[in-house]
>>> print(open('model-v9.cif').read())   # mmCIF, C-alpha atoms
data_data
#
loop_
_atom_site.group_PDB
_atom_site.id
_atom_site.type_symbol
_atom_site.label_atom_id
_atom_site.label_comp_id
_atom_site.auth_asym_id
_atom_site.auth_seq_id
_atom_site.Cartn_x
_atom_site.Cartn_y
_atom_site.Cartn_z
ATOM 1 C CA MET A 25 0.000 0.000 0.000
ATOM 2 C CA SER A 26 1.394 3.426 -0.890
ATOM 3 C CA GLU A 27 1.740 6.302 1.582
ATOM 4 C CA ALA A 28 -0.881 8.226 -0.374
ATOM 5 C CA GLU A 29 -3.380 5.383 0.014
ATOM 6 C CA LYS A 30 -2.665 5.131 3.741
ATOM 7 C CA THR A 31 -3.209 8.809 4.382
ATOM 8 C CA ALA A 32 -6.367 8.852 2.272
ATOM 9 C CA ARG A 33 -8.079 6.447 4.702
ATOM 10 C CA PRO A 34 -9.846 7.533 7.870
ATOM 11 C CA SER A 35 -7.248 7.830 10.618
ATOM 12 C CA THR A 36 -8.449 4.881 12.734
ATOM 13 C CA LEU A 37 -8.451 2.477 9.817
ATOM 14 C CA ALA A 38 -5.087 3.744 8.607
ATOM 15 C CA ALA A 39 -3.678 3.117 12.071
ATOM 16 C CA GLN A 40 -4.961 -0.443 12.025
ATOM 17 C CA VAL A 41 -3.588 -1.112 8.572
ATOM 18 C CA THR A 42 -0.149 0.273 9.330
ATOM 19 C CA THR A 43 0.034 -1.595 12.649
ATOM 20 C CA VAL A 44 -0.920 -4.972 11.290
ATOM 21 C CA THR A 45 1.249 -4.792 8.192
ATOM 22 C CA PRO A 46 4.549 -3.134 9.038
ATOM 23 C CA SER A 47 6.413 -1.975 5.970
ATOM 24 C CA ASP A 48 9.384 -4.004 4.734
ATOM 25 C CA ASP A 49 11.817 -1.099 4.969
ATOM 26 C CA ASP A 50 11.240 -0.753 8.697
ATOM 27 C CA GLU A 51 13.305 -3.656 10.057
ATOM 28 C CA PRO A 52 13.567 -3.030 13.804
ATOM 29 C CA LEU A 53 16.458 -5.424 14.442
ATOM 30 C CA GLN A 54 18.787 -4.338 11.659
ATOM 31 C CA ASP A 55 21.685 -1.910 11.603
ATOM 32 C CA GLU A 56 24.699 -1.402 9.343
ATOM 33 C CA LEU A 57 26.766 -3.963 11.248
ATOM 34 C CA GLY A 58 24.363 -6.845 10.703
ATOM 35 C CA LYS A 59 20.933 -7.931 11.775
ATOM 36 C CA THR A 60 19.398 -9.928 14.576
ATOM 37 C CA THR A 61 16.637 -12.369 13.727
ATOM 38 C CA ILE A 62 14.407 -14.270 16.084
ATOM 39 C CA GLY A 63 12.906 -17.490 14.755
ATOM 40 C CA GLU A 64 9.149 -17.907 14.893
ATOM 41 C CA GLY A 65 9.773 -21.104 16.849
ATOM 42 C CA VAL A 66 11.461 -19.004 19.513
ATOM 43 C CA VAL A 67 8.383 -16.820 19.968
ATOM 44 C CA THR A 68 6.247 -19.962 20.233
ATOM 45 C CA LYS A 69 8.556 -21.519 22.777
ATOM 46 C CA VAL A 70 8.831 -18.359 24.864
ATOM 47 C CA ALA A 71 5.033 -18.170 25.016
ATOM 48 C CA GLY A 72 4.770 -21.836 26.029
ATOM 49 C CA LEU A 73 7.468 -21.603 28.692
ATOM 50 C CA ALA A 74 5.977 -18.381 30.067
ATOM 51 C CA ALA A 75 2.523 -19.974 30.347
ATOM 52 C CA ARG A 76 3.997 -22.930 32.260
ATOM 53 C CA GLU A 77 5.533 -20.563 34.803
ATOM 54 C CA VAL A 78 2.072 -19.754 36.142
ATOM 55 C CA GLU A 79 1.074 -21.882 39.111
ATOM 56 C CA GLY A 80 -2.091 -23.836 38.369
ATOM 57 C CA VAL A 81 -1.187 -24.492 34.735
ATOM 58 C CA HIS A 82 -0.705 -28.246 34.545
ATOM 59 C CA ASP A 83 0.074 -28.612 30.855
ATOM 60 C CA LEU A 84 -0.505 -27.132 27.424
ATOM 61 C CA GLY A 85 -2.293 -28.650 24.458
ATOM 62 C CA GLY A 86 -5.477 -30.547 23.756
ATOM 63 C CA GLY A 87 -5.904 -34.214 24.603
ATOM 64 C CA THR A 88 -4.893 -35.403 21.135
ATOM 65 C CA ALA A 89 -1.959 -33.001 20.893
ATOM 66 C CA ARG A 90 -0.652 -34.185 24.259
ATOM 67 C CA ALA A 91 -1.054 -37.856 23.351
ATOM 68 C CA VAL A 92 0.656 -37.406 19.981
ATOM 69 C CA GLY A 93 3.221 -35.102 21.573
ATOM 70 C CA SER A 94 4.251 -37.657 24.163
ATOM 71 C CA VAL A 95 4.971 -40.158 21.371
ATOM 72 C CA THR A 96 6.831 -37.744 19.084
ATOM 73 C CA GLN A 97 8.927 -36.453 22.003
ATOM 74 C CA LYS A 98 9.975 -40.011 22.867
ATOM 75 C CA VAL A 99 11.382 -40.465 19.365
ATOM 76 C CA GLY A 100 12.945 -37.011 19.394
ATOM 77 C CA LEU A 101 10.623 -35.373 16.878
ATOM 78 C CA GLY A 102 8.526 -33.129 19.039
ATOM 79 C CA ASP A 103 9.056 -30.205 21.325
ATOM 80 C CA ALA A 104 6.837 -30.391 24.414
ATOM 81 C CA PHE A 105 7.036 -26.662 24.941
ATOM 82 C CA ASN A 106 5.474 -25.790 21.592
ATOM 83 C CA GLN A 107 2.446 -27.977 22.165
ATOM 84 C CA GLY A 108 -0.747 -26.002 22.691
ATOM 85 C CA VAL A 109 0.793 -22.772 21.422
ATOM 86 C CA SER A 110 0.063 -21.105 18.130
ATOM 87 C CA VAL A 111 1.719 -17.831 17.169
ATOM 88 C CA GLU A 112 1.161 -15.502 14.266
ATOM 89 C CA SER A 113 3.880 -12.916 14.170
ATOM 90 C CA GLY A 114 5.045 -10.137 11.911
ATOM 91 C CA ALA A 115 8.078 -7.873 12.165
ATOM 92 C CA LYS A 116 6.670 -5.956 15.122
ATOM 93 C CA GLU A 117 3.630 -7.718 16.518
ATOM 94 C CA ALA A 118 2.432 -11.130 17.558
ATOM 95 C CA ALA A 119 -0.919 -12.763 18.261
ATOM 96 C CA ILE A 120 -0.838 -15.861 20.447
ATOM 97 C CA ASP A 121 -3.346 -18.685 20.977
ATOM 98 C CA LEU A 122 -2.884 -20.997 23.943
ATOM 99 C CA THR A 123 -4.660 -24.207 24.916
ATOM 100 C CA LEU A 124 -4.297 -24.991 28.604
ATOM 101 C CA VAL A 125 -4.900 -27.799 31.048
ATOM 102 C CA ILE A 126 -5.487 -26.329 34.484
ATOM 103 C CA ASP A 127 -5.194 -27.990 37.881
ATOM 104 C CA TYR A 128 -8.586 -28.853 39.311
ATOM 105 C CA GLY A 129 -9.691 -26.427 42.035
ATOM 106 C CA GLU A 130 -7.936 -23.383 40.599
ATOM 107 C CA SER A 131 -9.868 -20.345 39.422
ATOM 108 C CA ILE A 132 -9.931 -20.453 35.642
ATOM 109 C CA PRO A 133 -10.428 -16.681 35.167
ATOM 110 C CA ARG A 134 -7.579 -15.920 37.589
ATOM 111 C CA ILE A 135 -5.209 -18.329 35.882
ATOM 112 C CA ALA A 136 -6.184 -17.098 32.421
ATOM 113 C CA ASP A 137 -5.415 -13.515 33.490
ATOM 114 C CA ALA A 138 -2.112 -14.542 35.064
ATOM 115 C CA VAL A 139 -1.091 -16.510 31.966
ATOM 116 C CA ARG A 140 -2.002 -13.634 29.686
ATOM 117 C CA SER A 141 0.088 -11.179 31.745
ATOM 118 C CA GLN A 142 3.064 -13.511 32.026
ATOM 119 C CA VAL A 143 3.083 -14.368 28.319
ATOM 120 C CA ILE A 144 2.836 -10.721 27.301
ATOM 121 C CA LYS A 145 5.592 -9.738 29.743
ATOM 122 C CA ARG A 146 8.013 -12.456 28.624
ATOM 123 C CA VAL A 147 7.369 -12.259 24.868
ATOM 124 C CA GLU A 148 7.568 -8.470 24.761
ATOM 125 C CA PHE A 149 10.745 -8.305 26.860
ATOM 126 C CA ILE A 150 12.584 -11.144 25.161
ATOM 127 C CA THR A 151 11.586 -10.669 21.533
ATOM 128 C CA GLY A 152 10.708 -6.977 21.384
ATOM 129 C CA LEU A 153 7.441 -7.833 19.641
ATOM 130 C CA ARG A 154 4.256 -6.142 20.779
ATOM 131 C CA VAL A 155 1.710 -8.766 21.748
ATOM 132 C CA ILE A 156 -1.627 -7.641 20.412
ATOM 133 C CA GLU A 157 -3.675 -10.547 21.753
ATOM 134 C CA VAL A 158 -3.421 -13.713 23.812
ATOM 135 C CA ASN A 159 -6.393 -16.010 23.282
ATOM 136 C CA ILE A 160 -6.749 -18.744 25.868
ATOM 137 C CA THR A 161 -8.751 -21.953 25.636
ATOM 138 C CA VAL A 162 -8.984 -24.095 28.734
ATOM 139 C CA ASN A 163 -9.268 -27.543 27.277
ATOM 140 C CA ASP A 164 -9.162 -29.763 30.339
ATOM 141 C CA LEU A 165 -8.843 -29.916 34.100
ATOM 142 C CA TYR A 166 -6.177 -32.023 35.708
ATOM 143 C CA PHE A 167 -7.092 -34.122 38.722
ATOM 144 C CA PRO A 168 -4.308 -35.534 40.882
ATOM 145 C CA GLY A 169 -3.882 -39.165 39.829
ATOM 146 C CA ASP A 170 -4.879 -38.583 36.183
ATOM 147 C CA ASP A 171 -1.369 -39.437 35.033
ATOM 148 C CA ASP A 172 -1.378 -42.751 36.904
ATOM 149 C CA LEU A 173 -4.687 -43.618 35.275
ATOM 150 C CA ASP A 174 -3.308 -42.794 31.804
ATOM 151 C CA GLU A 175 -0.228 -44.952 32.435
ATOM 152 C CA GLU A 176 -2.398 -47.855 33.556
ATOM 153 C CA ARG A 177 -4.548 -47.551 30.448
ATOM 154 C CA ARG A 178 -1.519 -47.484 28.181
ATOM 155 C CA SER A 179 0.073 -50.502 29.856
ATOM 156 C CA GLY A 180 -3.219 -52.452 29.832
ATOM 157 C CA VAL A 181 -3.527 -52.682 33.623
ATOM 158 C CA ARG A 182 -7.134 -52.674 34.852
ATOM 159 C CA MET B 25 33.461 -10.243 28.488
ATOM 160 C CA THR B 26 37.163 -10.137 27.781
ATOM 161 C CA THR B 27 38.921 -10.409 24.483
ATOM 162 C CA ASP B 28 42.425 -10.889 25.916
ATOM 163 C CA GLY B 29 42.251 -14.646 25.422
ATOM 164 C CA ASP B 30 41.922 -14.266 21.684
ATOM 165 C CA SER B 31 45.437 -12.956 21.076
ATOM 166 C CA ASP B 32 46.797 -16.544 21.079
ATOM 167 C CA LEU B 33 44.823 -17.334 17.953
ATOM 168 C CA VAL B 34 46.728 -17.346 14.707
ATOM 169 C CA LEU B 35 43.992 -16.331 12.407
ATOM 170 C CA SER B 36 43.509 -15.457 8.848
ATOM 171 C CA GLY B 37 40.455 -14.799 6.788
ATOM 172 C CA ARG B 38 37.235 -16.714 6.700
ATOM 173 C CA LEU B 39 38.114 -19.668 8.905
ATOM 174 C CA GLY B 40 39.846 -17.489 11.472
ATOM 175 C CA LEU B 41 36.823 -15.247 11.863
ATOM 176 C CA ALA B 42 34.555 -18.283 12.137
ATOM 177 C CA ARG B 43 36.779 -19.660 14.934
ATOM 178 C CA LEU B 44 36.746 -16.306 16.640
ATOM 179 C CA ALA B 45 32.942 -16.265 16.459
ATOM 180 C CA GLU B 46 32.881 -19.727 18.012
ATOM 181 C CA ARG B 47 34.932 -18.442 20.955
ATOM 182 C CA VAL B 48 32.768 -15.377 21.410
ATOM 183 C CA ILE B 49 29.634 -17.562 21.408
ATOM 184 C CA ALA B 50 31.140 -19.923 23.980
ATOM 185 C CA ARG B 51 31.899 -17.119 26.424
ATOM 186 C CA THR B 52 28.609 -15.260 26.049
ATOM 187 C CA ASP B 53 26.477 -15.586 29.151
ATOM 188 C CA GLY B 54 23.008 -16.907 28.386
ATOM 189 C CA VAL B 55 23.968 -18.600 25.118
ATOM 190 C CA THR B 56 24.032 -22.387 25.397
ATOM 191 C CA GLY B 57 25.522 -23.039 21.977
ATOM 192 C CA THR B 58 24.889 -23.050 18.279
ATOM 193 C CA SER B 59 21.977 -24.588 16.434
ATOM 194 C CA GLY B 60 21.144 -26.356 13.252
ATOM 195 C CA PRO B 61 21.521 -29.913 12.104
ATOM 196 C CA ALA B 62 25.038 -30.945 11.098
ATOM 197 C CA GLY B 63 26.005 -29.411 7.807
ATOM 198 C CA ARG B 64 23.231 -26.879 7.602
ATOM 199 C CA TRP B 65 25.145 -23.876 8.876
ATOM 200 C CA GLN B 66 28.812 -24.542 9.271
ATOM 201 C CA THR B 67 32.213 -23.362 8.199
ATOM 202 C CA VAL B 68 34.481 -26.167 7.132
ATOM 203 C CA GLY B 69 38.221 -25.992 7.713
ATOM 204 C CA ALA B 70 41.005 -28.461 7.082
ATOM 205 C CA GLN B 71 40.699 -30.064 10.514
ATOM 206 C CA GLN B 72 37.296 -29.209 11.808
ATOM 207 C CA ALA B 73 33.854 -27.919 10.959
ATOM 208 C CA ILE B 74 32.558 -25.011 12.979
ATOM 209 C CA ARG B 75 28.879 -25.677 13.460
ATOM 210 C CA GLY B 76 26.309 -22.927 13.676
ATOM 211 C CA VAL B 77 28.627 -20.356 12.112
ATOM 212 C CA LEU B 78 28.411 -19.552 8.434
ATOM 213 C CA ALA B 79 31.291 -17.473 7.087
ATOM 214 C CA VAL B 80 31.063 -16.134 3.542
ATOM 215 C CA GLU B 81 33.972 -14.275 1.962
ATOM 216 C CA ASP B 82 33.404 -11.885 -0.931
ATOM 217 C CA ALA B 83 35.775 -11.007 -3.779
ATOM 218 C CA GLN B 84 37.330 -8.160 -1.746
ATOM 219 C CA GLY B 85 38.168 -10.531 1.109
ATOM 220 C CA ARG B 86 35.448 -9.198 3.395
ATOM 221 C CA VAL B 87 33.874 -11.908 5.502
ATOM 222 C CA ASP B 88 30.207 -11.823 6.488
ATOM 223 C CA LEU B 89 29.237 -14.033 9.405
ATOM 224 C CA GLU B 90 25.896 -15.617 10.215
ATOM 225 C CA LEU B 91 25.586 -17.060 13.715
ATOM 226 C CA HIS B 92 22.794 -19.485 14.626
ATOM 227 C CA LEU B 93 22.283 -19.607 18.368
ATOM 228 C CA VAL B 94 20.369 -21.253 21.169
ATOM 229 C CA VAL B 95 19.759 -19.313 24.374
ATOM 230 C CA ARG B 96 19.027 -20.415 27.924
ATOM 231 C CA TRP B 97 15.587 -19.873 29.459
ATOM 232 C CA PRO B 98 14.819 -17.305 30.684
ATOM 233 C CA PRO B 99 16.994 -14.846 28.751
ATOM 234 C CA ARG B 100 18.120 -12.045 31.068
ATOM 235 C CA MET B 101 18.094 -9.430 28.369
ATOM 236 C CA PRO B 102 16.153 -8.831 25.157
ATOM 237 C CA LEU B 103 17.497 -10.968 22.331
ATOM 238 C CA GLU B 104 18.110 -7.906 20.188
ATOM 239 C CA GLN B 105 20.398 -6.524 22.900
ATOM 240 C CA LEU B 106 22.131 -9.883 23.280
ATOM 241 C CA GLY B 107 22.698 -10.005 19.523
ATOM 242 C CA GLY B 108 24.207 -6.511 19.683
ATOM 243 C CA ARG B 109 26.581 -7.546 22.484
ATOM 244 C CA ILE B 110 27.767 -10.571 20.564
ATOM 245 C CA ARG B 111 28.335 -8.418 17.489
ATOM 246 C CA GLU B 112 30.273 -5.853 19.523
ATOM 247 C CA ASP B 113 32.408 -8.481 21.255
ATOM 248 C CA LEU B 114 33.194 -10.099 17.935
ATOM 249 C CA ARG B 115 34.296 -6.779 16.408
ATOM 250 C CA ARG B 116 36.474 -6.023 19.411
ATOM 251 C CA SER B 117 38.006 -9.504 19.270
ATOM 252 C CA ALA B 118 38.606 -9.219 15.537
ATOM 253 C CA GLY B 119 40.506 -5.989 16.249
ATOM 254 C CA THR B 120 42.659 -7.778 18.840
ATOM 255 C CA VAL B 121 43.803 -10.365 16.314
ATOM 256 C CA GLY B 122 44.178 -7.927 13.422
ATOM 257 C CA LEU B 123 41.113 -9.011 11.469
ATOM 258 C CA ARG B 124 38.882 -6.022 12.080
ATOM 259 C CA ALA B 125 39.174 -4.836 8.463
ATOM 260 C CA ARG B 126 38.186 -8.250 7.133
ATOM 261 C CA LEU B 127 35.022 -8.544 9.200
ATOM 262 C CA GLY B 128 31.846 -7.610 7.355
ATOM 263 C CA ALA B 129 28.270 -7.854 8.567
ATOM 264 C CA VAL B 130 27.542 -10.120 11.522
ATOM 265 C CA SER B 131 24.039 -11.542 11.494
ATOM 266 C CA VAL B 132 22.791 -13.190 14.644
ATOM 267 C CA ALA B 133 19.857 -15.599 14.403
ATOM 268 C CA PHE B 134 18.242 -16.927 17.555
ATOM 269 C CA ASP B 135 16.798 -20.293 16.608
ATOM 270 C CA ASP B 136 15.787 -21.852 19.908
ATOM 271 C CA VAL B 137 15.392 -21.361 23.644
ATOM 272 C CA LEU B 138 16.447 -24.167 25.936
ATOM 273 C CA SER B 139 14.554 -24.714 29.175
ATOM 274 C CA GLU B 140 16.241 -26.031 32.308
ATOM 275 C CA ILE B 141 14.704 -29.489 31.781
ATOM 276 C CA GLU B 142 16.064 -29.687 28.231
ATOM 277 C CA SER B 143 19.533 -28.550 29.348
ATOM 278 C CA VAL B 144 19.912 -31.498 31.756
#
>>> encode(input="model-v9.cif", output="structure tokens")
Amino acid sequence: MSEAEKTARPSTLAAQVTTVTPSDDDEPLQDELGKTTIGEGVVTKVAGLAAREVEGVHDLGGGTARAVGSVTQKVGLGDAFNQGVSVESGAKEAAIDLTLVIDYGESIPRIADAVRSQVIKRVEFITGLRVIEVNITVNDLYFPGDDDLDEERRSGVR
Amino acid sequence: MTTDGDSDLVLSGRLGLARLAERVIARTDGVTGTSGPAGRWQTVGAQQAIRGVLAVEDAQGRVDLELHLVVRWPPRMPLEQLGGRIREDLRRSAGTVGLRARLGAVSVAFDDVLSEIESV
């Protein structure tokens, strides 16, 4: 989009357009001595690790993702910390979706708020990206003993 | 960070700068090492391959470096700042061993973050 087109729009819309699609010639991490790049996988992992720092978060990912993840991690193909995290990021901003499993008995709204704050704090500090949204889905509740039950099911013990 | 330890290096050109980068990476607090599967980003010398460091020399003898790094969780400073420190240290070190004029752009790519559990 040209500068003329941007300025011709109403100011609020122009602001949205310029925020969501930063121009290519505005690389924030580049100077004449070289550039610094941060892989998209890093942003994903930072978000996942930050979410896990919040007490009451048992795990990330949906049931299927966790089941598949546990297999792929055993054969060295998966990264547990990326499970349940989806990131869309541009040069300056990121939008993050998280799927959480929360410990039974914890307040879901309180944990969701704490996760959102922690993820924004970590991602913005570490990567320099502005986090425009953190969408949280609580997919499951963890009851103490759930893991033992899963192990028993997998090993065929009744 | 100190660059005094680099004066023992007998360095020349592309391979020398890649080795220097390897040393700078190893002494940078918060960086656990280099990334990338074997052969993807490396500089190959007569005796060893320097993994995670890509050194490209142009026709004028200027060497551009691309460093692929893994950092420890949680990083204590923004990655952009860490990249800048590495770049600065590398330039200072290159000056110590007389390769400052050969060093071109230094690109720093952060490819992964390693949690405490993964580090064990």
>>> interface_residues(input="model-v9.cif", of="chain B", to="chain A", cutoff="7 Å", atoms="all atoms listed in the file", output="PyMOL selection string")
chain B and resi 99+101-104+107+129-137
>>> residues_around(input="model-v9.cif", residues="segment 87-95 of chain B", least_positions_apart="3", cutoff="9 Å", atoms="all atoms listed in the file", output="tab-separated table (two decimals) with C-alpha atoms, keeping the file's coordinate frame")
chain	number	residue	atom	x	y	z
A	58	GLY	CA	24.36	-6.84	10.70
B	37	GLY	CA	40.46	-14.80	6.79
B	38	ARG	CA	37.24	-16.71	6.70
B	41	LEU	CA	36.82	-15.25	11.86
B	42	ALA	CA	34.56	-18.28	12.14
B	45	ALA	CA	32.94	-16.26	16.46
B	46	GLU	CA	32.88	-19.73	18.01
B	49	ILE	CA	29.63	-17.56	21.41
B	54	GLY	CA	23.01	-16.91	28.39
B	55	VAL	CA	23.97	-18.60	25.12
B	56	THR	CA	24.03	-22.39	25.40
B	57	GLY	CA	25.52	-23.04	21.98
B	58	THR	CA	24.89	-23.05	18.28
B	59	SER	CA	21.98	-24.59	16.43
B	60	GLY	CA	21.14	-26.36	13.25
B	65	TRP	CA	25.14	-23.88	8.88
B	75	ARG	CA	28.88	-25.68	13.46
B	76	GLY	CA	26.31	-22.93	13.68
B	77	VAL	CA	28.63	-20.36	12.11
B	78	LEU	CA	28.41	-19.55	8.43
B	79	ALA	CA	31.29	-17.47	7.09
B	80	VAL	CA	31.06	-16.13	3.54
B	81	GLU	CA	33.97	-14.28	1.96
B	82	ASP	CA	33.40	-11.88	-0.93
B	84	GLN	CA	37.33	-8.16	-1.75
B	98	PRO	CA	14.82	-17.30	30.68
B	99	PRO	CA	16.99	-14.85	28.75
B	103	LEU	CA	17.50	-10.97	22.33
B	126	ARG	CA	38.19	-8.25	7.13
B	127	LEU	CA	35.02	-8.54	9.20
B	128	GLY	CA	31.85	-7.61	7.36
B	129	ALA	CA	28.27	-7.85	8.57
B	130	VAL	CA	27.54	-10.12	11.52
B	131	SER	CA	24.04	-11.54	11.49
B	132	VAL	CA	22.79	-13.19	14.64
B	133	ALA	CA	19.86	-15.60	14.40
B	134	PHE	CA	18.24	-16.93	17.56
B	135	ASP	CA	16.80	-20.29	16.61
B	136	ASP	CA	15.79	-21.85	19.91
B	137	VAL	CA	15.39	-21.36	23.64
B	138	LEU	CA	16.45	-24.17	25.94
B	139	SER	CA	14.55	-24.71	29.18
>>> closest_residue(input="model-v9.cif", among="A:Ala71, A:Leu153, A:Ile144, A:Leu84", to="Thr123 of chain A", atoms="only C-alpha atoms")
A:Leu84
>>> atom_distance(input="model-v9.cif", atom1="atom CA of Thr120 of chain B", atom2="atom CA of Arg43 of chain B")
13.8 Å
>>> residues_around(input="model-v9.cif", residues="segment 157-169 of chain A", least_positions_apart="5", cutoff="7 Å", atoms="all atoms listed in the file", output="ChimeraX atom specification")
/A:82,86,119-128,136,140
>>> atom_distance(input="model-v9.cif", atom1="atom CA of Glu140 of chain B", atom2="atom CA of Ala104 of chain A")
13.0 Å
>>> residues_around(input="model-v9.cif", residues="Ala118 of chain A", least_positions_apart="5", cutoff="8 Å", atoms="all atoms listed in the file", output="PyMOL selection string")
chain A and resi 111-113+153-157
>>> write_last_selection(input="model-v9.cif", atoms="C-alpha atoms", output="mmCIF file, in the frame of the given file")
data_model
loop_
_atom_site.group_PDB
_atom_site.id
_atom_site.type_symbol
_atom_site.label_atom_id
_atom_site.label_comp_id
_atom_site.auth_asym_id
_atom_site.auth_seq_id
_atom_site.Cartn_x
_atom_site.Cartn_y
_atom_site.Cartn_z
ATOM 1 C CA VAL A 111 1.719 -17.831 17.169
ATOM 2 C CA GLU A 112 1.161 -15.502 14.266
ATOM 3 C CA SER A 113 3.880 -12.916 14.170
ATOM 4 C CA LEU A 153 7.441 -7.833 19.641
ATOM 5 C CA ARG A 154 4.256 -6.142 20.779
ATOM 6 C CA VAL A 155 1.710 -8.766 21.748
ATOM 7 C CA ILE A 156 -1.627 -7.641 20.412
ATOM 8 C CA GLU A 157 -3.675 -10.547 21.753
#
>>> atom_distance(input="model-v9.cif", atom1="atom CA of Gln105 of chain B", atom2="atom CA of Ser141 of chain A")
22.6 Å
>>> residues_around(input="model-v9.cif", residues="Ile135 of chain A", least_positions_apart="4", cutoff="7 Å", atoms="all atoms listed in the file", output="ChimeraX atom specification")
/A:80,131,139
>>> write_last_selection(input="model-v9.cif", atoms="C-alpha atoms", output="CSV table (one decimal), in the frame of the given file")
chain,number,residue,atom,x,y,z
A,80,GLY,CA,-2.1,-23.8,38.4
A,131,SER,CA,-9.9,-20.3,39.4
A,139,VAL,CA,-1.1,-16.5,32.0
>>> decode(input="model-v9.cif", residues="segment 126-139 of chain A", atoms="N, CA and C atoms", output="PDB file, in the first residue's frame")
ATOM      1  N   ILE A 126      -5.647 -27.008  33.196  1.00  0.00           N
ATOM      2  CA  ILE A 126      -5.487 -26.329  34.484  1.00  0.00           C
ATOM      3  C   ILE A 126      -5.744 -27.310  35.625  1.00  0.00           C
ATOM      4  N   ASP A 127      -5.004 -27.124  36.701  1.00  0.00           N
ATOM      5  CA  ASP A 127      -5.194 -27.990  37.881  1.00  0.00           C
ATOM      6  C   ASP A 127      -6.600 -27.802  38.432  1.00  0.00           C
ATOM      7  N   TYR A 128      -7.242 -28.905  38.762  1.00  0.00           N
ATOM      8  CA  TYR A 128      -8.586 -28.853  39.311  1.00  0.00           C
ATOM      9  C   TYR A 128      -8.572 -28.076  40.639  1.00  0.00           C
ATOM     10  N   GLY A 129      -9.573 -27.194  40.797  1.00  0.00           N
ATOM     11  CA  GLY A 129      -9.691 -26.427  42.035  1.00  0.00           C
ATOM     12  C   GLY A 129      -9.183 -25.000  41.896  1.00  0.00           C
ATOM     13  N   GLU A 130      -8.434 -24.745  40.822  1.00  0.00           N
ATOM     14  CA  GLU A 130      -7.936 -23.383  40.599  1.00  0.00           C
ATOM     15  C   GLU A 130      -9.014 -22.541  39.907  1.00  0.00           C
ATOM     16  N   SER A 131      -8.916 -21.244  40.083  1.00  0.00           N
ATOM     17  CA  SER A 131      -9.868 -20.345  39.422  1.00  0.00           C
ATOM     18  C   SER A 131      -9.435 -20.145  37.963  1.00  0.00           C
ATOM     19  N   ILE A 132     -10.282 -20.558  37.068  1.00  0.00           N
ATOM     20  CA  ILE A 132      -9.931 -20.453  35.642  1.00  0.00           C
ATOM     21  C   ILE A 132      -9.735 -18.988  35.212  1.00  0.00           C
ATOM     22  N   PRO A 133     -10.656 -18.081  35.584  1.00  0.00           N
ATOM     23  CA  PRO A 133     -10.428 -16.681  35.167  1.00  0.00           C
ATOM     24  C   PRO A 133      -9.124 -16.108  35.736  1.00  0.00           C
ATOM     25  N   ARG A 134      -8.806 -16.467  36.978  1.00  0.00           N
ATOM     26  CA  ARG A 134      -7.579 -15.920  37.589  1.00  0.00           C
ATOM     27  C   ARG A 134      -6.340 -16.450  36.863  1.00  0.00           C
ATOM     28  N   ILE A 135      -6.374 -17.745  36.568  1.00  0.00           N
ATOM     29  CA  ILE A 135      -5.209 -18.329  35.882  1.00  0.00           C
ATOM     30  C   ILE A 135      -5.091 -17.779  34.467  1.00  0.00           C
ATOM     31  N   ALA A 136      -6.220 -17.636  33.795  1.00  0.00           N
ATOM     32  CA  ALA A 136      -6.184 -17.098  32.421  1.00  0.00           C
ATOM     33  C   ALA A 136      -5.576 -15.693  32.418  1.00  0.00           C
ATOM     34  N   ASP A 137      -5.977 -14.879  33.396  1.00  0.00           N
ATOM     35  CA  ASP A 137      -5.415 -13.515  33.490  1.00  0.00           C
ATOM     36  C   ASP A 137      -3.913 -13.561  33.774  1.00  0.00           C
ATOM     37  N   ALA A 138      -3.532 -14.444  34.695  1.00  0.00           N
ATOM     38  CA  ALA A 138      -2.112 -14.542  35.064  1.00  0.00           C
ATOM     39  C   ALA A 138      -1.276 -15.028  33.875  1.00  0.00           C
ATOM     40  N   VAL A 139      -1.812 -15.985  33.142  1.00  0.00           N
ATOM     41  CA  VAL A 139      -1.091 -16.510  31.966  1.00  0.00           C
ATOM     42  C   VAL A 139      -0.947 -15.404  30.925  1.00  0.00           C
TER      43      VAL A 139
END
